[in-house]
2 protein chains.
Amino acid sequence: MPSEFDLIRQYFTRPTPSALLGVGDDAALLQISPGMELAVSVDMLVEGRHFAPQDGPGTVGHKSLAVNLSDMAAMGARPRWATLALALPAADEKWLRGFAGGFFGLAGKFGVELIGGDTTRGPLNICIQIMGEVPSGKALRRDGAKAGDEIWVSGVLGTAALALAFRQGRVELDQMEAAACLPALYVPQPRVALGLSLCDIATAAIDVSDGLLADLGHILEQSGVGAEIHFETLPLHEVVRRHIELDAVKNCTLAGGDDYELCFTAPVTRHAELLALSQKLALPLTCIGRIVGGAGLAVLDGKGGPMPVNAKGFDHFA
Amino acid sequence: MPSEFDLIRQYFTRPTPSALLGVGDDAALLQISPGMELAVSVDMLVEGRHFAPQDGPGTVGHKSLAVNLSDMAAMGARPRWATLALALPAADEKWLRGFAGGFFGLAGKFGVELIGGDTTRGPLNICIQIMGEVPSGKALRRDGAKAGDEIWVSGVLGTAALALAFRQGRVELDQMEAAACLPALYVPQPRVALGLSLCDIATAAIDVSDGLLADLGHILEQSGVGAEIHFETLPLHEVVRRHIELDAVKNCTLAGGDDYELCFTAPVTRHAELLALSQKLALPLTCIGRIVGGAGLAVLDGKGGPMPVNAKGFDHFA
């Protein structure tokens with residue numbers, strides 16, 4: 001009967017041609033490319049909080065890495081290497097095989113190599129650290145937004161949150177609608193190519209993981225500015241749009257989280273360029289508002305009047 | 001009542017002058033020094049396995065970082081930056097304050113800066129990734145030992161394992177003896193200065209965490225060589241030596257683990273130099289045997305005859 005360490009060796013040991021020294025010594029050795037800074041981010045995911053016990057291990061493997069790649073995208077960094085620390089309650093070969101499949105499926109898509117890690121027995125816990133490279137001085141940050149900049153988001157907002165609300169019985173969807181929304185929850189797509197393309201365009205960027213209002217709020221706070229966004233311009237999946245009159249669904253779009261899209265600011269002079277980039281990447285980029293002086297985030301309705309919101313969504317639904 | 005995130009901010013946010021961008025954005029940004037490779041290692045520690053629920057949080061904070069610094073020492077790397085991911089069952093201010101004290105106490109001693117991390121609610125889990133720098137091509141590895149090399153260890157062996165055996169009731173010690181041994185278990189000292197000094201001397205190195213036989217075994221396996229070590233030459237704490245006739249205590253020295261000393265090989269021509277280095281660092285360095293051709297690890301008694309051991313210790317005590 002294979003030990004958990006045999007299983008780890010079997011499922012997680014892959015060639016690491018880009019590392020000077022990979023798995024097998026006390027540490028891995030990496031050469032950072034000349035002219036590049038190293039971007040480093042870490043996320044820890046716990047069963048019951050970030051994923052459910054019944055979630056397929058392939059989707060857990062995919063999503064664990066995806067949320068980290070999204071942090072790289074938000075810095076405009078090219079993800080290069082990852083480490084994976086796992087606590088497992090038992091040596092479950094089927095689960096490990098599924099997890100590895102999801103993890104490496106996504107890693108391979110982005111050229112990310114697994115160069116180290118650790119395994120121990122304990123309640124299920126997944127900790128991934130991602131390391132990437134970004135040209136010196138070119139990283140996207142949260143603190144550079146300027147009054148007059150336009151605010152953009154990639155993709156659509158609220159789909160994953162709606163899927164979660166459906167799964168938790170808070171919103172009703174028919175089978176087709178649920179099937180259309182669930183992939184956003186289980187297999188988000190990190191916007192790495194977009195992040196790399198924004199390096200000399202965006203003045204600030206963040207990935208939308210907690211929710212648009214909360215995450216845009218971080219940009220505003222660190223940049224010392226305010227914002228006006230127009231609710232009617234938020235890009236939505238057609239299923240989300242179909243139910244947008246419900247307050248719960250409005251909340252999914254503004255505060256649901258789990259979107260893993262990029263929210264960024266850019267001078268208005270770059271507007272046409274960003275539309276062209278959207279075409280080039282085959283990824284919707286939508287201008288949703290503008291940075292203003294002062295402080296605070298105003299969400300305006302179709303008539304330009306303020307909607308009652310806070311970082312958690314609608315005040316009466318907080 | 002402060003949230004766990006307020007507490008984290010309070011206890012774990014410290015200046016990071018060596019980072020281009022520290023905590024607060026989607027990722028930290030680091031500049032790797034010219035001519036240096038980046039060494040990366042990660043360890044995950046779980047309550048009940050790596051430390052006991054009743055262990056003081058200060059010692060848990062110290063040891064969590066120490067075991068990682070030991071991996072840097074084993075590569076001859078200078079530890080520079082760390083990330084810390086924590087899963088906590090509750091926002092326990094007293095525990096966090098203690099943990100932070102132990103962690104930063106050791107970090108400060110080695111000039112290590114905490115540049116990122118994550119916190120989530122869940123069963124207690126500590127995941128630390130350590131990053132260090134080593135001059136290009138100079139890292140100590142596990143695969144360079146040559147027949148004829150001498151085998152060395154720093155410090156003493158078996159003290160932490162004896163303390164653990166005492167705490168678990170497997171060995172009897174009097175109060176003074178226990179008090180002398182317990183610090184090795186709770187607050188190990190990573191041999192970073194030694195690692196840095198071995199760069200152009202040692203042909204292979206590893207830190208002794210699983211136990212001398214297991215860890216030296218990794219060097220032998222990766223270098224494709226064998227070894228003879230002389231049991232009588234193993235450097236021991238006086239309390240360990242006093243009880244060395246017990247098989248359980250012999251096992252502590254050979255296979256107990258938790259030593260966090262360095263085991264390394266070096267050409268015999270460097271013998272005098274290593275004794276001088278020992279003086280300079282005020283750290284015992286003891287030659288315990290020799291690398292031979294072939295395979296396998298022989299432990300010889302005082303008369304030069306083989307003792308019955310395997311990687312777990314004595315065959316009859318496995």
# chains A, B, ... in the order shown; residues from 1 in each chain; ligands from 1

call {"tool": "select_by_dssp", "arguments": {"residues": "segment 180-210 of chain B", "states": "alpha helix (DSSP H)", "output": "list in words"}}
result
Ala180, Cys181, Leu182, Pro183, Ala184, Leu185, Tyr186, Val192, Ala193, Leu194, Gly195, Leu196 and Ser197 of chain B

call {"tool": "write_last_selection", "arguments": {"atoms": "N, CA and C atoms", "output": "PDB file, in the first residue's frame"}}
result
ATOM      1  N   ALA B 180      17.792  20.591  30.896  1.00  0.00           N
ATOM      2  CA  ALA B 180      18.943  20.811  30.018  1.00  0.00           C
ATOM      3  C   ALA B 180      18.637  20.419  28.582  1.00  0.00           C
ATOM      4  N   CYS B 181      17.761  19.452  28.386  1.00  0.00           N
ATOM      5  CA  CYS B 181      17.483  18.930  27.029  1.00  0.00           C
ATOM      6  C   CYS B 181      16.317  19.609  26.317  1.00  0.00           C
ATOM      7  N   LEU B 182      15.349  20.103  27.070  1.00  0.00           N
ATOM      8  CA  LEU B 182      14.129  20.612  26.422  1.00  0.00           C
ATOM      9  C   LEU B 182      14.357  21.798  25.474  1.00  0.00           C
ATOM     10  N   PRO B 183      15.280  22.701  25.745  1.00  0.00           N
ATOM     11  CA  PRO B 183      15.464  23.808  24.781  1.00  0.00           C
ATOM     12  C   PRO B 183      15.781  23.318  23.359  1.00  0.00           C
ATOM     13  N   ALA B 184      16.501  22.209  23.254  1.00  0.00           N
ATOM     14  CA  ALA B 184      16.829  21.707  21.912  1.00  0.00           C
ATOM     15  C   ALA B 184      15.568  21.323  21.159  1.00  0.00           C
ATOM     16  N   LEU B 185      14.552  20.866  21.892  1.00  0.00           N
ATOM     17  CA  LEU B 185      13.291  20.462  21.271  1.00  0.00           C
ATOM     18  C   LEU B 185      12.451  21.672  20.892  1.00  0.00           C
ATOM     19  N   TYR B 186      12.405  22.648  21.769  1.00  0.00           N
ATOM     20  CA  TYR B 186      11.492  23.773  21.586  1.00  0.00           C
ATOM     21  C   TYR B 186      12.092  24.940  20.821  1.00  0.00           C
ATOM     22  N   VAL B 192      22.844  28.768  10.210  1.00  0.00           N
ATOM     23  CA  VAL B 192      22.966  29.584   8.999  1.00  0.00           C
ATOM     24  C   VAL B 192      24.402  30.043   8.767  1.00  0.00           C
ATOM     25  N   ALA B 193      25.051  30.513   9.826  1.00  0.00           N
ATOM     26  CA  ALA B 193      26.430  31.005   9.662  1.00  0.00           C
ATOM     27  C   ALA B 193      27.341  29.888   9.178  1.00  0.00           C
ATOM     28  N   LEU B 194      27.142  28.705   9.701  1.00  0.00           N
ATOM     29  CA  LEU B 194      27.939  27.560   9.247  1.00  0.00           C
ATOM     30  C   LEU B 194      27.681  27.285   7.768  1.00  0.00           C
ATOM     31  N   GLY B 195      26.425  27.232   7.387  1.00  0.00           N
ATOM     32  CA  GLY B 195      26.091  26.981   5.983  1.00  0.00           C
ATOM     33  C   GLY B 195      26.772  27.973   5.049  1.00  0.00           C
ATOM     34  N   LEU B 196      26.715  29.247   5.414  1.00  0.00           N
ATOM     35  CA  LEU B 196      27.344  30.275   4.588  1.00  0.00           C
ATOM     36  C   LEU B 196      28.850  30.044   4.483  1.00  0.00           C
ATOM     37  N   SER B 197      29.460  29.542   5.555  1.00  0.00           N
ATOM     38  CA  SER B 197      30.910  29.351   5.574  1.00  0.00           C
ATOM     39  C   SER B 197      31.365  28.116   4.808  1.00  0.00           C
TER      40      SER B 197
END

call {"tool": "interface_residues", "arguments": {"of": "chain B", "to": "chain A", "cutoff": "6 Å", "atoms": "only C-alpha atoms", "output": "JSON list (two decimals) with N, CA, C and O atoms, in the first residue's frame"}}
result
[["chain", "number", "residue", "atom", "x", "y", "z"],
["B", 26, "ASP", "N", -1.23, 42.93, -4.25],
["B", 26, "ASP", "CA", -1.60, 41.54, -4.56],
["B", 26, "ASP", "C", -0.43, 40.58, -4.42],
["B", 26, "ASP", "O", -0.61, 39.38, -4.29],
["B", 27, "ALA", "N", 0.78, 41.14, -4.49],
["B", 27, "ALA", "CA", 1.97, 40.32, -4.30],
["B", 27, "ALA", "C", 3.07, 41.24, -3.79],
["B", 27, "ALA", "O", 2.97, 42.46, -3.90],
["B", 28, "ALA", "N", 4.09, 40.65, -3.19],
["B", 28, "ALA", "CA", 5.27, 41.42, -2.82],
["B", 28, "ALA", "C", 6.22, 41.44, -4.01],
["B", 28, "ALA", "O", 6.17, 40.56, -4.87],
["B", 29, "LEU", "N", 7.08, 42.44, -4.07],
["B", 29, "LEU", "CA", 8.08, 42.52, -5.14],
["B", 29, "LEU", "C", 9.46, 42.54, -4.52],
["B", 29, "LEU", "O", 9.73, 43.30, -3.59],
["B", 30, "LEU", "N", 10.32, 41.66, -5.02],
["B", 30, "LEU", "CA", 11.67, 41.53, -4.48],
["B", 30, "LEU", "C", 12.69, 41.68, -5.60],
["B", 30, "LEU", "O", 12.46, 41.24, -6.72],
["B", 31, "GLN", "N", 13.83, 42.30, -5.25],
["B", 31, "GLN", "CA", 14.94, 42.38, -6.18],
["B", 31, "GLN", "C", 15.99, 41.39, -5.72],
["B", 31, "GLN", "O", 16.47, 41.50, -4.59],
["B", 37, "GLU", "N", 21.64, 33.30, -6.84],
["B", 37, "GLU", "CA", 20.49, 32.46, -7.14],
["B", 37, "GLU", "C", 19.52, 32.55, -5.96],
["B", 37, "GLU", "O", 19.93, 32.82, -4.84],
["B", 38, "LEU", "N", 18.25, 32.28, -6.27],
["B", 38, "LEU", "CA", 17.23, 32.31, -5.22],
["B", 38, "LEU", "C", 16.99, 30.89, -4.73],
["B", 38, "LEU", "O", 16.70, 30.01, -5.53],
["B", 39, "ALA", "N", 17.13, 30.68, -3.44],
["B", 39, "ALA", "CA", 16.82, 29.39, -2.82],
["B", 39, "ALA", "C", 15.44, 29.49, -2.19],
["B", 39, "ALA", "O", 15.14, 30.47, -1.50],
["B", 40, "VAL", "N", 14.60, 28.48, -2.44],
["B", 40, "VAL", "CA", 13.21, 28.53, -1.97],
["B", 40, "VAL", "C", 12.86, 27.22, -1.28],
["B", 40, "VAL", "O", 13.08, 26.14, -1.82],
["B", 41, "SER", "N", 12.28, 27.33, -0.09],
["B", 41, "SER", "CA", 11.89, 26.13, 0.65],
["B", 41, "SER", "C", 10.60, 26.42, 1.40],
["B", 41, "SER", "O", 10.35, 27.56, 1.80],
["B", 42, "VAL", "N", 9.77, 25.39, 1.60],
["B", 42, "VAL", "CA", 8.50, 25.59, 2.32],
["B", 42, "VAL", "C", 8.28, 24.45, 3.31],
["B", 42, "VAL", "O", 8.64, 23.30, 3.04],
["B", 43, "ASP", "N", 7.70, 24.78, 4.44],
["B", 43, "ASP", "CA", 7.36, 23.77, 5.45],
["B", 43, "ASP", "C", 5.98, 24.07, 6.01],
["B", 43, "ASP", "O", 5.64, 25.23, 6.26],
["B", 71, "ASP", "N", 16.76, 24.73, 6.45],
["B", 71, "ASP", "CA", 16.85, 24.33, 5.05],
["B", 71, "ASP", "C", 17.73, 25.32, 4.26],
["B", 71, "ASP", "O", 18.44, 24.92, 3.34],
["B", 117, "GLY", "N", 1.80, 36.87, 3.14],
["B", 117, "GLY", "CA", 1.17, 35.77, 3.87],
["B", 117, "GLY", "C", -0.31, 35.71, 3.60],
["B", 117, "GLY", "O", -0.83, 36.39, 2.70],
["B", 118, "ASP", "N", -0.98, 34.89, 4.37],
["B", 118, "ASP", "CA", -2.42, 34.75, 4.24],
["B", 118, "ASP", "C", -2.93, 34.25, 5.58],
["B", 118, "ASP", "O", -2.20, 33.60, 6.34]]

call {"tool": "select_by_dssp", "arguments": {"residues": "segment 23-210 of chain B", "states": "strand (DSSP E or B)", "output": "MDAnalysis selection string"}}
result
chainID B and resid 23 25 28:30 36:47 51 78:88 113:121 125:135 150:154 204:208

call {"tool": "residues_around", "arguments": {"residues": "Gly211 of chain B", "least_positions_apart": "5", "cutoff": "8 Å", "atoms": "only C-alpha atoms", "output": "ChimeraX atom specification"}}
result
/B:253-259

call {"tool": "closest_residue", "arguments": {"among": "B:Ala19, B:Leu262, B:Val225, B:Leu164", "to": "Trp152 of chain B", "atoms": "only C-alpha atoms"}}
result
B:Leu262

call {"tool": "atom_distance", "arguments": {"atom1": "atom CA of Leu114 of chain A", "atom2": "atom CA of Lys63 of chain A"}}
result
15.5 Å

call {"tool": "atom_distance", "arguments": {"atom1": "atom CA of Val156 of chain B", "atom2": "atom CA of Pro235 of chain B"}}
result
4.8 Å

call {"tool": "residues_around", "arguments": {"residues": "segment 271-285 of chain A", "least_positions_apart": "3", "cutoff": "6 Å", "atoms": "only C-alpha atoms", "output": "PDB file with all heavy atoms, in the first residue's frame"}}
result
ATOM      1  N   VAL A 153     -13.263  46.725 -16.002  1.00  0.00           N
ATOM      2  CA  VAL A 153     -13.194  45.337 -15.516  1.00  0.00           C
ATOM      3  C   VAL A 153     -13.148  44.404 -16.716  1.00  0.00           C
ATOM      4  O   VAL A 153     -13.667  44.721 -17.788  1.00  0.00           O
ATOM      5  CB  VAL A 153     -14.385  44.928 -14.614  1.00  0.00           C
ATOM      6  CG1 VAL A 153     -14.343  45.662 -13.293  1.00  0.00           C
ATOM      7  CG2 VAL A 153     -15.706  45.090 -15.321  1.00  0.00           C
ATOM      8  N   SER A 154     -12.510  43.250 -16.496  1.00  0.00           N
ATOM      9  CA  SER A 154     -12.475  42.231 -17.544  1.00  0.00           C
ATOM     10  C   SER A 154     -13.645  41.268 -17.342  1.00  0.00           C
ATOM     11  O   SER A 154     -14.239  41.199 -16.255  1.00  0.00           O
ATOM     12  CB  SER A 154     -11.158  41.446 -17.480  1.00  0.00           C
ATOM     13  OG  SER A 154     -11.035  40.788 -16.231  1.00  0.00           O
ATOM     14  N   GLY A 155     -13.961  40.529 -18.388  1.00  0.00           N
ATOM     15  CA  GLY A 155     -14.969  39.480 -18.297  1.00  0.00           C
ATOM     16  C   GLY A 155     -16.317  39.989 -17.820  1.00  0.00           C
ATOM     17  O   GLY A 155     -16.770  41.066 -18.220  1.00  0.00           O
ATOM     18  N   VAL A 268      -7.910  58.251 -19.715  1.00  0.00           N
ATOM     19  CA  VAL A 268      -8.960  58.197 -20.739  1.00  0.00           C
ATOM     20  C   VAL A 268      -8.347  58.171 -22.146  1.00  0.00           C
ATOM     21  O   VAL A 268      -8.940  57.629 -23.085  1.00  0.00           O
ATOM     22  CB  VAL A 268      -9.935  59.394 -20.544  1.00  0.00           C
ATOM     23  CG1 VAL A 268      -9.233  60.714 -20.806  1.00  0.00           C
ATOM     24  CG2 VAL A 268     -11.164  59.248 -21.406  1.00  0.00           C
TER      25      VAL A 268
END

call {"tool": "closest_residue", "arguments": {"among": "B:Gly101, B:Gly111, B:Gly158, B:Pro53", "to": "His237 of chain B", "atoms": "only C-alpha atoms"}}
result
B:Gly158

call {"tool": "atom_distance", "arguments": {"atom1": "atom CA of Leu162 of chain A", "atom2": "atom CA of Asp215 of chain A"}}
result
18.2 Å

call {"tool": "residues_around", "arguments": {"residues": "Lys138 of chain B", "least_positions_apart": "6", "cutoff": "8 Å", "atoms": "only C-alpha atoms", "output": "CSV table (one decimal) with C-alpha atoms, in the first residue's frame"}}
result
chain,number,residue,atom,x,y,z
B,76,GLY,CA,24.6,27.6,2.1
B,199,CYS,CA,30.2,27.2,0.4
B,200,ASP,CA,33.7,26.5,-1.0

call {"tool": "closest_residue", "arguments": {"among": "A:Phe12, A:Lys94, A:Ala160, A:Lys250", "to": "Asp210 of chain A", "atoms": "only C-alpha atoms"}}
result
A:Ala160

call {"tool": "closest_residue", "arguments": {"among": "B:Ala266, B:Trp95, B:Val112, B:Ala161", "to": "Gln54 of chain B", "atoms": "only C-alpha atoms"}}
result
B:Trp95
